[in-house]
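J.: Just so it is clear, I am handing over model-v6.txt, which has compact mmCIF, C-alpha atoms.
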```txt
# COMPACT_ATOMS: atom_id res chain seq x y z
CA MET F 30 -70.70 33.72 -14.20
CA ARG F 31 -69.14 31.16 -16.53
CA PRO F 32 -65.98 32.63 -18.03
CA ILE F 33 -64.94 32.59 -21.66
CA LEU F 34 -61.35 31.48 -22.01
CA LEU F 35 -59.39 33.31 -24.70
CA GLN F 36 -56.60 31.06 -25.94
CA GLY F 37 -54.37 32.83 -28.38
CA HIS F 38 -51.28 33.84 -26.48
CA GLU F 39 -48.29 31.62 -25.86
CA ARG F 40 -46.83 33.62 -23.02
CA SER F 41 -47.97 35.80 -20.15
CA LEU F 42 -50.33 38.69 -20.70
CA THR F 43 -49.05 42.19 -20.01
CA GLN F 44 -52.07 44.44 -20.58
CA ILE F 45 -55.67 44.13 -21.78
CA LYS F 46 -58.01 46.94 -22.79
CA PHE F 47 -61.64 47.23 -23.91
CA ASN F 48 -62.45 49.78 -26.63
CA SER F 49 -64.94 52.50 -25.69
CA ASP F 50 -67.94 50.57 -27.08
CA GLY F 51 -66.81 47.51 -25.21
CA ASP F 52 -67.39 45.17 -28.16
CA LEU F 53 -63.65 44.60 -28.61
CA LEU F 54 -60.96 43.48 -26.21
CA PHE F 55 -57.28 44.08 -27.00
CA SER F 56 -54.61 41.94 -25.38
CA CYS F 57 -50.83 42.12 -25.53
CA SER F 58 -48.29 39.62 -24.36
CA LYS F 59 -44.69 38.58 -23.92
CA ASP F 60 -45.19 36.42 -27.05
CA ASN F 61 -44.66 39.61 -29.16
CA VAL F 62 -48.26 39.59 -30.40
CA ILE F 63 -51.32 41.78 -29.90
CA ASN F 64 -54.73 40.16 -30.34
CA VAL F 65 -58.20 41.64 -30.65
CA TRP F 66 -61.27 39.64 -29.60
CA TYR F 67 -65.04 40.02 -29.73
CA SER F 68 -65.89 40.48 -26.09
CA HIS F 69 -69.37 38.89 -26.30
CA ASN F 70 -68.22 35.47 -27.50
CA GLY F 71 -64.46 35.44 -27.20
CA GLU F 72 -63.89 34.91 -30.92
CA ARG F 73 -60.58 36.26 -32.17
CA LEU F 74 -61.07 39.01 -34.70
CA GLY F 75 -57.46 39.59 -35.56
CA THR F 76 -53.79 39.77 -34.72
CA TYR F 77 -51.32 42.63 -34.92
CA GLU F 78 -47.91 41.23 -35.84
CA GLY F 79 -44.58 42.92 -36.32
CA ASN F 80 -43.12 43.42 -32.87
CA ASN F 81 -39.79 41.73 -32.17
CA GLY F 82 -40.07 41.65 -28.40
CA SER F 83 -42.53 41.46 -25.53
CA VAL F 84 -45.40 43.86 -26.05
CA TRP F 85 -45.76 45.63 -22.70
CA THR F 86 -48.65 47.96 -23.27
CA VAL F 87 -51.56 48.81 -25.54
CA ASP F 88 -54.25 51.48 -25.83
CA VAL F 89 -57.06 52.17 -28.28
CA ASP F 90 -58.62 55.53 -29.19
CA ALA F 91 -62.25 56.48 -28.50
CA ASP F 92 -63.31 55.81 -32.14
CA SER F 93 -61.61 52.39 -32.29
CA GLU F 94 -59.77 53.61 -35.37
CA PHE F 95 -56.19 53.63 -34.08
CA MET F 96 -54.40 51.47 -31.56
CA VAL F 97 -50.95 52.13 -30.06
CA SER F 98 -48.56 49.66 -28.53
CA GLY F 99 -45.23 49.77 -26.72
CA ALA F 100 -42.73 46.94 -26.72
CA ALA F 101 -39.39 45.57 -25.57
CA ASP F 102 -38.04 46.04 -29.12
CA ASN F 103 -37.86 49.77 -28.24
CA THR F 104 -40.74 50.71 -30.52
CA LEU F 105 -43.96 52.62 -30.16
CA ARG F 106 -46.31 51.53 -32.96
CA LEU F 107 -49.50 52.99 -34.36
CA TRP F 108 -51.89 50.41 -35.83
CA SER F 109 -55.08 50.48 -37.84
CA VAL F 110 -57.62 48.67 -35.68
CA ALA F 111 -59.67 47.52 -38.68
CA THR F 112 -56.96 46.32 -41.07
CA GLY F 113 -54.33 45.17 -38.56
CA LYS F 114 -51.67 47.13 -40.45
CA CYS F 115 -48.84 48.89 -38.61
CA LEU F 116 -49.17 52.50 -39.78
CA TYR F 117 -46.14 54.05 -38.13
CA THR F 118 -43.22 53.03 -35.91
CA TRP F 119 -41.24 55.27 -33.58
CA GLU F 120 -37.92 53.94 -32.31
CA PHE F 121 -36.19 54.72 -29.01
CA PRO F 122 -33.00 53.69 -27.21
CA THR F 123 -34.95 51.61 -24.65
CA ALA F 124 -38.20 49.66 -24.22
CA VAL F 125 -41.62 51.32 -24.18
CA LYS F 126 -43.35 50.37 -20.94
CA ARG F 127 -46.60 52.31 -21.07
CA VAL F 128 -48.73 54.11 -23.64
CA ALA F 129 -51.99 56.05 -23.35
CA PHE F 130 -54.21 58.11 -25.65
CA ASN F 131 -55.86 61.36 -24.61
CA ASP F 132 -59.68 61.59 -24.71
CA GLU F 133 -59.74 62.98 -28.26
CA GLY F 134 -57.23 60.48 -29.65
CA THR F 135 -55.06 63.35 -30.86
CA GLN F 136 -52.10 62.69 -28.57
CA VAL F 137 -50.26 59.71 -27.15
CA VAL F 138 -48.07 59.71 -24.05
CA CYS F 139 -45.42 57.02 -23.61
CA ILE F 140 -42.87 56.00 -21.00
CA THR F 141 -39.52 54.55 -22.01
CA GLU F 142 -37.41 52.43 -19.69
CA GLN F 143 -34.37 53.61 -17.78
CA ARG F 144 -31.55 51.32 -18.99
CA MET F 145 -28.03 51.20 -20.47
CA GLY F 146 -27.17 54.75 -19.52
CA HIS F 147 -30.51 56.10 -20.70
CA GLN F 148 -32.83 57.84 -18.29
CA CYS F 149 -36.51 57.10 -18.05
CA ALA F 150 -38.25 59.43 -20.52
CA ILE F 151 -41.79 60.59 -21.06
CA ARG F 152 -42.76 61.67 -24.56
CA VAL F 153 -45.94 63.05 -26.03
CA PHE F 154 -46.68 62.58 -29.73
CA ASN F 155 -49.29 64.29 -31.83
CA ILE F 156 -51.35 61.75 -33.75
CA ASN F 157 -52.21 62.92 -37.24
CA ARG F 158 -55.69 61.50 -37.82
CA GLU F 159 -55.94 62.82 -41.39
CA GLY F 160 -55.69 60.36 -44.25
CA ASP F 161 -54.61 56.78 -43.66
CA GLY F 162 -52.62 57.50 -40.50
CA THR F 163 -49.22 56.73 -42.03
CA LYS F 164 -48.08 60.35 -41.99
CA GLN F 165 -46.86 60.99 -38.46
CA SER F 166 -44.15 63.27 -37.23
CA LYS F 167 -41.03 61.42 -36.18
CA GLU F 168 -40.20 63.82 -33.37
CA PRO F 169 -42.19 64.05 -30.15
CA LEU F 170 -44.17 67.18 -29.39
CA TYR F 171 -42.72 67.13 -25.87
CA MET F 172 -40.11 65.07 -24.11
CA PHE F 173 -38.69 65.16 -20.59
CA ASN F 174 -36.97 63.01 -18.01
CA PRO F 175 -39.02 62.85 -14.81
CA ILE F 176 -36.92 63.76 -11.80
CA GLY F 177 -36.35 61.17 -9.07
CA SER F 178 -37.85 57.71 -9.30
CA LYS F 179 -38.61 56.38 -12.80
CA ALA F 180 -42.20 56.38 -14.01
CA THR F 181 -43.98 53.04 -14.55
CA VAL F 182 -47.52 54.10 -15.52
CA CYS F 183 -49.15 57.26 -16.89
CA ALA F 184 -52.34 58.78 -18.28
CA PHE F 185 -53.64 62.13 -19.51
CA THR F 186 -55.73 64.09 -17.02
CA LEU F 187 -58.56 66.45 -17.95
CA THR F 188 -56.22 69.42 -17.83
CA PRO F 189 -54.48 69.92 -21.20
CA ASN F 190 -50.77 69.04 -21.07
CA VAL F 191 -51.02 67.53 -17.59
CA ILE F 192 -50.43 63.82 -17.02
CA ILE F 193 -50.70 61.68 -13.93
CA THR F 194 -47.89 59.20 -13.32
CA GLY F 195 -47.09 56.30 -11.00
CA HIS F 196 -43.47 55.54 -10.12
CA GLU F 197 -41.11 52.75 -9.09
CA SER F 198 -40.76 54.28 -5.62
CA GLY F 199 -44.50 54.28 -5.04
CA LYS F 200 -44.85 57.97 -5.84
CA VAL F 201 -47.87 59.32 -7.72
CA ALA F 202 -47.34 62.67 -9.43
CA LEU F 203 -48.73 65.26 -11.84
CA PHE F 204 -46.43 66.52 -14.60
CA ASN F 205 -46.73 69.35 -17.06
CA VAL F 206 -45.57 67.64 -20.27
CA LYS F 207 -44.75 70.95 -21.94
CA SER F 208 -42.21 72.04 -19.33
CA GLY F 209 -41.43 68.67 -17.74
CA GLU F 210 -42.16 70.27 -14.39
CA GLU F 211 -43.55 68.15 -11.57
CA ILE F 212 -46.65 70.09 -10.58
CA ASP F 213 -47.55 68.06 -7.52
CA ASN F 214 -46.73 64.71 -5.97
CA ASN F 215 -47.63 62.26 -3.27
CA GLU F 216 -44.28 60.63 -2.44
CA ARG F 217 -45.94 58.11 -0.13
CA ALA F 218 -48.91 57.14 -2.27
CA HIS F 219 -47.53 53.59 -2.19
CA GLY F 220 -44.65 51.85 -0.43
CA ASP F 221 -43.46 49.99 -3.53
CA VAL F 222 -43.68 49.99 -7.36
CA VAL F 223 -46.92 51.34 -8.82
CA THR F 224 -48.03 48.60 -11.23
CA ASP F 225 -51.23 49.96 -12.76
CA LEU F 226 -53.23 53.17 -13.02
CA GLN F 227 -56.76 53.33 -14.43
CA LEU F 228 -58.95 56.42 -14.63
CA SER F 229 -62.62 56.85 -13.86
CA LYS F 230 -64.83 57.58 -16.87
CA ASP F 231 -64.78 61.34 -16.24
CA ARG F 232 -61.03 61.25 -15.38
CA THR F 233 -61.63 63.02 -12.05
CA TYR F 234 -60.24 60.09 -10.08
CA CYS F 235 -58.08 57.05 -10.63
CA ILE F 236 -57.13 53.78 -9.03
CA THR F 237 -53.54 52.58 -8.66
CA SER F 238 -52.22 49.16 -7.68
CA SER F 239 -48.84 48.40 -6.18
CA LYS F 240 -46.43 45.67 -5.18
CA ASP F 241 -46.98 47.00 -1.64
CA LYS F 242 -50.15 44.83 -1.69
CA SER F 243 -52.53 47.76 -1.75
CA ALA F 244 -54.63 49.68 -4.24
CA ARG F 245 -55.69 53.27 -3.81
CA ILE F 246 -58.19 55.73 -5.23
CA HIS F 247 -56.74 59.21 -5.79
CA ASP F 248 -58.33 62.51 -6.73
CA THR F 249 -56.57 63.29 -10.04
CA LYS F 250 -56.57 67.03 -9.36
CA THR F 251 -55.38 67.16 -5.75
CA LEU F 252 -53.70 63.72 -5.56
CA LEU F 253 -55.47 63.20 -2.23
CA VAL F 254 -55.89 59.52 -1.39
CA ILE F 255 -59.62 58.93 -1.14
CA LYS F 256 -59.68 55.18 -0.47
CA THR F 257 -57.21 52.39 0.32
CA PHE F 258 -57.68 48.66 -0.29
CA THR F 259 -55.18 46.53 1.59
CA THR F 260 -54.72 42.91 0.52
CA GLU F 261 -52.22 40.19 1.44
CA THR F 262 -50.60 39.80 -1.98
CA PRO F 263 -48.60 42.04 -4.32
CA LEU F 264 -50.98 43.65 -6.81
CA ASN F 265 -50.40 43.97 -10.55
CA SER F 266 -53.65 45.59 -11.60
CA ALA F 267 -56.67 47.50 -10.31
CA ALA F 268 -59.84 48.49 -12.17
CA LEU F 269 -62.99 50.46 -11.41
CA ALA F 270 -66.41 48.88 -12.06
CA PRO F 271 -68.72 51.41 -13.76
CA ASP F 272 -72.22 51.72 -12.22
CA ARG F 273 -71.41 49.44 -9.29
CA PRO F 274 -69.56 50.44 -6.12
CA TYR F 275 -66.74 47.95 -6.64
CA VAL F 276 -63.08 47.87 -7.53
CA LEU F 277 -61.37 44.79 -8.97
CA LEU F 278 -57.88 43.86 -7.84
CA GLY F 279 -55.50 41.26 -9.24
CA GLY F 280 -52.03 40.03 -8.50
CA GLY F 281 -50.41 37.14 -6.70
CA GLN F 282 -47.05 35.93 -5.66
CA GLU F 283 -44.97 34.20 -8.33
CA ALA F 284 -44.84 30.42 -7.77
CA MET F 285 -41.08 30.54 -7.34
CA SER F 286 -41.25 33.08 -4.55
CA VAL F 287 -43.86 31.05 -2.65
CA THR F 288 -42.13 28.90 -0.04
CA THR F 289 -44.97 26.52 0.80
CA THR F 290 -46.33 24.79 -2.26
CA SER F 291 -50.04 24.86 -1.49
CA LEU F 292 -51.96 26.08 -4.54
CA ARG F 293 -53.92 28.36 -2.28
CA GLN F 294 -50.69 30.22 -1.50
CA GLY F 295 -50.64 31.78 -4.91
CA LYS F 296 -54.05 33.36 -4.43
CA PHE F 297 -54.53 33.97 -8.12
CA GLU F 298 -57.97 35.39 -7.76
CA THR F 299 -59.64 38.58 -8.91
CA ARG F 300 -60.79 40.30 -5.75
CA PHE F 301 -63.85 42.49 -5.62
CA TRP F 302 -63.73 45.20 -2.99
CA HIS F 303 -66.40 47.66 -1.98
CA LYS F 304 -65.20 51.03 -3.23
CA ILE F 305 -66.59 53.06 -0.34
CA PHE F 306 -66.33 50.69 2.64
CA GLU F 307 -62.91 49.32 1.71
CA GLU F 308 -64.08 45.77 2.44
CA GLU F 309 -63.61 42.68 0.29
CA VAL F 310 -66.95 41.41 -1.07
CA GLY F 311 -65.94 38.49 -3.28
CA ARG F 312 -63.29 36.61 -5.27
CA VAL F 313 -63.21 34.93 -8.66
CA LYS F 314 -60.79 32.05 -9.16
CA GLY F 315 -59.46 30.65 -12.40
CA HIS F 316 -55.90 31.61 -13.27
CA PHE F 317 -52.96 29.28 -12.67
CA GLY F 318 -50.52 32.10 -12.07
CA PRO F 319 -50.51 35.74 -10.99
CA ILE F 320 -53.06 38.05 -12.58
CA ASN F 321 -51.15 40.69 -14.51
CA THR F 322 -53.93 42.86 -15.88
CA ILE F 323 -57.65 43.50 -15.36
CA ALA F 324 -60.07 45.52 -17.48
CA VAL F 325 -63.76 46.22 -16.97
CA HIS F 326 -66.21 46.74 -19.86
CA PRO F 327 -67.03 50.48 -20.16
CA ALA F 328 -70.71 49.74 -19.45
CA GLY F 329 -69.78 47.53 -16.51
CA THR F 330 -71.40 44.40 -17.98
CA MET F 331 -68.31 42.18 -17.93
CA TYR F 332 -64.67 42.11 -16.95
CA ALA F 333 -61.57 40.38 -18.24
CA SER F 334 -58.35 39.30 -16.58
CA GLY F 335 -55.02 38.46 -18.20
CA GLY F 336 -52.65 36.13 -16.41
CA GLU F 337 -49.06 35.09 -16.14
CA ASP F 338 -50.48 31.70 -17.28
CA GLY F 339 -51.03 33.09 -20.81
CA PHE F 340 -54.82 33.08 -20.63
CA VAL F 341 -57.39 35.83 -20.82
CA ARG F 342 -60.63 35.07 -18.98
CA VAL F 343 -63.74 37.08 -19.83
CA HIS F 344 -66.52 37.06 -17.24
CA HIS F 345 -69.99 38.33 -18.14
CA PHE F 346 -71.72 39.49 -14.97
CA ASP F 347 -75.01 37.76 -14.25
CA ASP F 348 -78.22 39.27 -12.85
CA SER F 349 -77.28 38.59 -9.26
CA TYR F 350 -74.26 40.87 -9.62
CA PHE F 351 -76.45 43.79 -10.65
CA LYS F 352 -79.20 43.05 -8.13
CA ALA F 353 -76.94 42.44 -5.16
CA LYS F 354 -77.01 45.19 -2.57
CA PRO F 355 -74.65 43.80 0.02
CA TYR F 356 -74.96 46.87 2.20
CA GLY F 357 -78.62 47.74 1.72
CA GLU F 358 -80.20 50.65 -0.08
CA LEU F 359 -77.55 53.33 -0.32
CA GLU F 360 -77.35 55.70 -3.23
CA ILE F 361 -73.73 56.03 -4.33
CA LEU F 362 -72.64 58.60 -6.90
CA GLU F 363 -70.35 57.39 -9.69
CA GLU T 16 -83.09 34.62 9.26
CA ASP T 17 -82.83 37.97 7.56
CA ALA T 18 -84.06 39.68 10.69
CA ALA T 19 -81.48 37.85 12.78
CA GLU T 20 -78.73 38.90 10.39
CA GLU T 21 -79.90 42.47 10.44
CA SER T 22 -79.73 42.65 14.19
CA ASN T 23 -76.12 41.48 14.02
CA VAL T 24 -75.18 44.55 12.06
CA SER T 25 -74.79 47.07 14.81
CA ALA T 26 -76.33 50.49 14.70
CA GLU T 27 -72.80 51.84 14.94
CA LEU T 28 -71.70 50.08 11.76
CA ILE T 29 -74.78 51.29 9.90
CA ALA T 30 -74.03 54.85 10.99
CA LEU T 31 -70.40 54.48 9.89
CA ARG T 32 -71.42 53.21 6.45
CA LYS T 33 -73.89 56.03 6.05
CA ARG T 34 -71.19 58.55 6.96
CA LEU T 35 -68.77 56.97 4.45
CA VAL T 36 -71.35 57.10 1.67
CA ASP T 37 -72.26 60.71 2.54
CA GLU T 38 -68.58 61.71 2.45
CA TRP T 39 -68.04 59.94 -0.88
CA ASN T 40 -71.16 61.50 -2.41
CA ALA T 41 -70.18 64.97 -1.18
CA TRP T 42 -66.72 64.61 -2.77
CA ARG T 43 -68.17 63.27 -6.05
CA ALA T 44 -70.78 66.04 -6.20
CA SER T 45 -68.15 68.74 -5.70
CA ARG T 46 -65.85 67.27 -8.37
CA LYS T 47 -68.73 66.92 -10.84
CA LYS T 48 -69.70 70.55 -10.21
CA GLU T 49 -66.11 71.69 -10.78
CA LEU T 50 -65.92 69.64 -13.94
CA ALA T 51 -69.13 71.15 -15.32
CA ALA T 52 -67.87 74.67 -14.50
CA ASP T 53 -64.54 73.97 -16.24
CA ARG T 54 -66.36 72.66 -19.33
CA ASN T 55 -68.64 75.72 -19.45
CA ARG T 56 -65.63 78.01 -19.27
CA VAL T 57 -63.96 76.13 -22.14
CA SER T 58 -67.09 76.17 -24.32
CA GLU T 59 -67.61 79.91 -23.64
CA LYS T 60 -64.04 80.53 -24.76
CA GLU T 61 -64.60 78.45 -27.88
CA GLN T 62 -67.81 80.32 -28.66
CA LYS T 63 -66.03 83.64 -28.28
CA ALA T 64 -63.25 82.41 -30.54
CA ASP T 65 -65.87 81.30 -33.09
CA VAL T 66 -67.55 84.70 -33.05
CA GLN T 67 -64.17 86.40 -33.52
CA ASP T 68 -63.34 84.08 -36.41
CA LYS T 69 -66.63 84.89 -38.11
CA GLU T 70 -66.13 88.62 -37.63
CA GLU T 71 -62.70 88.37 -39.19
CA ILE T 72 -64.11 86.52 -42.19
CA GLU T 73 -66.76 89.16 -42.69
```
Just dump the structure as structure tokens.
T.:
Amino acid sequence: MRPILLQGHERSLTQIKFNSDGDLLFSCSKDNVINVWYSHNGERLGTYEGNNGSVWTVDVDADSEFMVSGAADNTLRLWSVATGKCLYTWEFPTAVKRVAFNDEGTQVVCITEQRMGHQCAIRVFNINREGDGTKQSKEPLYMFNPIGSKATVCAFTLTPNVIITGHESGKVALFNVKSGEEIDNNERAHGDVVTDLQLSKDRTYCITSSKDKSARIHDTKTLLVIKTFTTETPLNSAALAPDRPYVLLGGGQEAMSVTTTSLRQGKFETRFWHKIFEEEVGRVKGHFGPINTIAVHPAGTMYASGGEDGFVRVHHFDDSYFKAKPYGELEILE
Amino acid sequence: EDAAEESNVSAELIALRKRLVDEWNAWRASRKKELAADRNRVSEKEQKADVQDKEEIE
């Protein structure tokens, strides 16, 4: 499993995302730039420039026509994937920490930071897909301030107007975006900040990672915790591997907060855990700093990790990965 | 070697893993069923709406 190293960012990676075909990989970084790469060979296809601050988050629609990004310059931007042009910019009082499209690519949900007297806000925008994409409405369709702990991550569920959120306190919740009402919550989903939330293909479950060193699988309808993966390092990202019973976890302690200076202490490895048995099955080394973000190809043929070290590493799985049955012949439903 | 390894995995552990897989599969099957039912309901509604639209046009 020789990795392809993507060198195109000058600072740490914040989020990476495959498009739905899996031929493209989007990466955003604290260097203010978004890049798009061919996932099969790691060649850079293009760059999306215009942000004047760290780009925290990126998402791409199911047709790979539009991409959205959120940044520290307090903007949410809509981009044309093919031309690299910024089609529309929304401005807020604070930074945009997370963005996500719905399945149809007709709506975007975004979280803005709580800062300078401004509360954390969640907004939903309609995306006008007619024409060249430059005609968008300035005002959000819905906006609310989630009660209690600020939200850090979010995604649309299968139910219209219902989103799932992860919070600074470790809470995971369901919100009705129309009314701003918290429909349900699990206050103790995690013991610390929820750092990532990724949905299964059919959106019926999701995986969250947390600084509390664990990752969890939740039922997106009931918020019941189905599985827990407990590691020995704060986690920044968790991803589900399609077609294989694994989850991928990444994180690591910052070098400055590690007291002993052994390289091993950092533990900057992507960990593979068995999804059902909650046991670690393998690790992949490579990064020189914490892993900030992990994404798995939608067909499960490769995965990519983005690090604090500024590198993206793309790993194509080899035959042994697909053939391996570490726990014998057990049929596991996706 | 394989045989030796196999005997190390206790019958208890094998039973536990089987139970975990059965529980997972039961949960997945129920969610998939729910999802299919929800989708059917939505498409029925859409079909009804389509029929109504057509009637109005006529």
J.: How close does each residue of chain T get to chain F, giving the shortest atom pair and distance in Å to one decimal for every residue with an atom at most 7 Å away, counting all atoms listed in the file, sorted by chain and residue number, as CSV?
T.:
```
residue,atom,partner,partner_atom,distance
T:Arg32,CA,F:Phe306,CA,6.8
T:Leu35,CA,F:Ile305,CA,6.6
T:Val36,CA,F:Ile361,CA,6.5
T:Asn40,CA,F:Leu362,CA,5.5
T:Arg43,CA,F:Leu362,CA,6.5
```
J.: Neighbouring residues of range 38-50 of chain F were defined as those with any atom within 6 Å, considering all atoms listed in the file; residues of the same chain fewer than 4 positions away were excluded. Please report them as a list of chain:residue names.
T.: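 Skipping anything fewer than 4 positions along the chain leaves F:Leu54, F:Phe55, F:Ser56, F:Cys57, F:Ser58, F:Lys59, F:Asp60, F:Trp85, F:Thr86, F:Ala91, F:Thr322, F:Ala324, F:Gly335, F:Gly336, F:Glu337, F:Asp338, F:Gly339.
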J.: List the spatial neighbours of Thr259 in chain F as a VMD selection string - criterion: any atom at most 9 Å away, all atoms listed in the file, same-chain residues fewer than 6 positions off excluded.
T.: chain F and resid 241 to 245 307 to 308
J.: Within 8 Å of Ile192 in chain F, counting all atoms listed in the file, which residues qualify if same-chain residues fewer than 6 places away don't, as a count of residues only?
T.: 8
J.: In Å, rounded to a single decimal, give me how far CA of Gly318 in chain F is from CA of Lys179 in chain F.
T.: 27.1 Å
J.: Just give me the gap between CA of Thr104 in chain F and CA of Lys164 in chain F in Å, one decimal is fine.
T.: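 So the two atoms, CA of Thr104 in chain F and CA of Lys164 in chain F, lie 16.7 Å apart.
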J.: Between F:Val310, F:Leu226, F:Ala100, F:Val89, single out the one closest to Thr181 in chain F, counting all atoms listed in the file.
T.: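 Smallest distance to Thr181 in chain F is found for F:Leu226.
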J.: Can you pull out the residues contacting Ala129 in chain F? Cut-off 7 Å, using only C-alpha atoms, and skip same-chain residues under 3 positions away; I want them as a ChimeraX atom specification.
T.: /F:88,137-139,184
J.: What's the separation between CA of Gly134 in chain F and CA of Val97 in chain F, in Å to one decimal place?
T.: 10.5 Å
J.: Could you model N, CA and C atoms for range 34-48 of chain T and present them as a tab-separated table (two decimals), in the frame of the given file?
T.:
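Generated file (out17.tsv):
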```tsv
chain	number	residue	atom	x	y	z
T	34	ARG	N	-72.13	57.42	6.97
T	34	ARG	CA	-71.19	58.55	6.96
T	34	ARG	C	-70.22	58.42	5.78
T	35	LEU	N	-69.72	57.19	5.55
T	35	LEU	CA	-68.77	56.97	4.45
T	35	LEU	C	-69.41	57.28	3.09
T	36	VAL	N	-70.66	56.84	2.93
T	36	VAL	CA	-71.35	57.10	1.67
T	36	VAL	C	-71.60	58.60	1.51
T	37	ASP	N	-72.01	59.26	2.60
T	37	ASP	CA	-72.26	60.71	2.54
T	37	ASP	C	-70.98	61.46	2.16
T	38	GLU	N	-69.86	61.05	2.76
T	38	GLU	CA	-68.58	61.71	2.45
T	38	GLU	C	-68.20	61.51	0.99
T	39	TRP	N	-68.36	60.27	0.52
T	39	TRP	CA	-68.04	59.94	-0.88
T	39	TRP	C	-68.92	60.78	-1.82
T	40	ASN	N	-70.23	60.77	-1.54
T	40	ASN	CA	-71.16	61.50	-2.41
T	40	ASN	C	-70.87	63.00	-2.41
T	41	ALA	N	-70.49	63.54	-1.26
T	41	ALA	CA	-70.18	64.97	-1.18
T	41	ALA	C	-68.95	65.29	-2.05
T	42	TRP	N	-67.94	64.42	-1.97
T	42	TRP	CA	-66.72	64.61	-2.77
T	42	TRP	C	-67.04	64.48	-4.27
T	43	ARG	N	-67.83	63.47	-4.64
T	43	ARG	CA	-68.17	63.27	-6.05
T	43	ARG	C	-68.98	64.47	-6.57
T	44	ALA	N	-69.93	64.93	-5.77
T	44	ALA	CA	-70.78	66.04	-6.20
T	44	ALA	C	-69.93	67.29	-6.44
T	45	SER	N	-68.96	67.54	-5.55
T	45	SER	CA	-68.15	68.74	-5.70
T	45	SER	C	-67.25	68.64	-6.94
T	46	ARG	N	-66.71	67.44	-7.19
T	46	ARG	CA	-65.85	67.27	-8.37
T	46	ARG	C	-66.66	67.38	-9.66
T	47	LYS	N	-67.88	66.85	-9.64
T	47	LYS	CA	-68.73	66.92	-10.84
T	47	LYS	C	-69.09	68.38	-11.14
T	48	LYS	N	-69.34	69.14	-10.06
T	48	LYS	CA	-69.70	70.55	-10.21
T	48	LYS	C	-68.52	71.32	-10.82
```
